[in-house]
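Asks: Handing you this structure, nothing more for now.
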Amino acid sequence: MTVLTAGALAAVGFLAYQASASAPSDLVAPQPGASPSATASHSPKDKKAPANALPAKSGTGQRVVYALRADRVWLVGADGKAQRTYGVVPGTMDPAAGTYKVIQRTGSVTGTDGVPIEHVVLFTTVNGKGVGFSAAVDGSTPKPDPAKETGGIRGSRADTTAMWEFATYGRKVVVVP
């Protein structure tokens with residue numbers, strides 16, 4: 001009985017995720033306890049959700065901003081305004097705060113944790129392992145195994161598709177504490 005209930009809950013969760021991922025970001029309202037990728041912000045001075053506001057001192061111009069403590073990413077246009085923001089699940093190895101550039105892009109591969117991933121955008125390495133943004137092909141965003149060194153910063157498939165389109169080779173990536 002427990003197995004059937006767990007299976008049903010997993011199926012409902014997956015279908016809910018698919019429905020929310022296909023809805024326009026301005027129609028998706030954040031739900032209490034929702035995954036961090038469920039909210040999108042279009043303004044760096046987001047008065048409705050100040051926690052989603054673009055961090056101060058995160059650079060200028062077109063760039064990706066990744067906030068380590070907030071586990072959040074912003075895609076910032078040339079005008080300095082956030083075009084999109086979303087929550088992420090970081091790997092076990094954080095990059096140092098600083099400014100980087102996109103150094104590698106891979107359509108699909110197996111991550112260092114053994115999970116098939118897509119839309120991989122790498123911007124640095126830590127301990128010889130790539131650090132960058134990606135999505136699990138199955139759409140999952142579980143917390144990483146602390147016993148494994150992983151540099152994958154996982155987001156939803158919809159969010160990392162937006163990252164893939166935005167973060168071309170050489171795009172500036174600013175990591176803030």
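Identifiers in this document derive from the order of the structure tokens: chains are assigned A, B, ..., residues are numbered from 1 separately in each chain, and ligands are numbered from 1 in order of occurrence.
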Do a neighbour search on region 98-113 of chain A at 8 Å with only C-alpha atoms, toss out local chain neighbours closer than 3 positions, and write the hits as JSON, numbers by chain.

Replies: {"A": [116, 117, 118, 119, 120, 121, 122, 123, 124, 144, 148, 149, 150, 151, 152, 167, 168, 169, 170, 171, 172, 173, 174, 175, 176]}

Asks: Pick the closest to Arg69 (chain A) from A:Gly128, A:Pro95, A:Pro146, A:Gly114: which is it, counting only C-alpha atoms?

Replies: A:Pro95

Asks: Please indicate the distance in Å from CA of Gly61 (chain A) to CA of Gly91 (chain A), rounded to one decimal place.

Replies: 27.0 Å

Asks: Using only C-alpha atoms, find the one residue out of A:Thr92, A:Asn52, A:Thr60, A:Thr141 that sits nearest to Gly77 (chain A).

Replies: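 The closest residue to Gly77 (chain A) is A:Thr60.
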
Asks: Hey, can you check how far CA of Arg157 (chain A) sits from CA of Lys57 (chain A)?

Replies: 28.4 Å

Asks: Quote the spacing between CA of Ala56 (chain A) and CA of Lys129 (chain A) in Å to one decimal place.

Replies: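 Interatomic distance, CA of Ala56 (chain A) to CA of Lys129 (chain A): 29.0 Å.
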
Asks: With distances taken over only C-alpha atoms, which residue among A:Ser156, A:Asn127, A:Thr161, A:Ser58 lies nearest Pro142 (chain A)?

Replies: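 Once distances to Pro142 (chain A) are computed over only C-alpha atoms, the minimum belongs to A:Ser156.
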
Asks: Between A:Val115, A:Gly80, A:Leu54, A:Leu75, single out the one closest to Asp159 (chain A), counting only C-alpha atoms.

Replies: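 When distances to Asp159 (chain A) are compared using only C-alpha atoms, the smallest one comes from A:Leu75.
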
Asks: Which residue is closest to Ala158 (chain A)? Choose from A:Arg72, A:Arg63, A:Arg84, A:Lys143 and count only C-alpha atoms.

Replies: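 Answer, going by the shortest atom-to-atom distance: A:Arg84.
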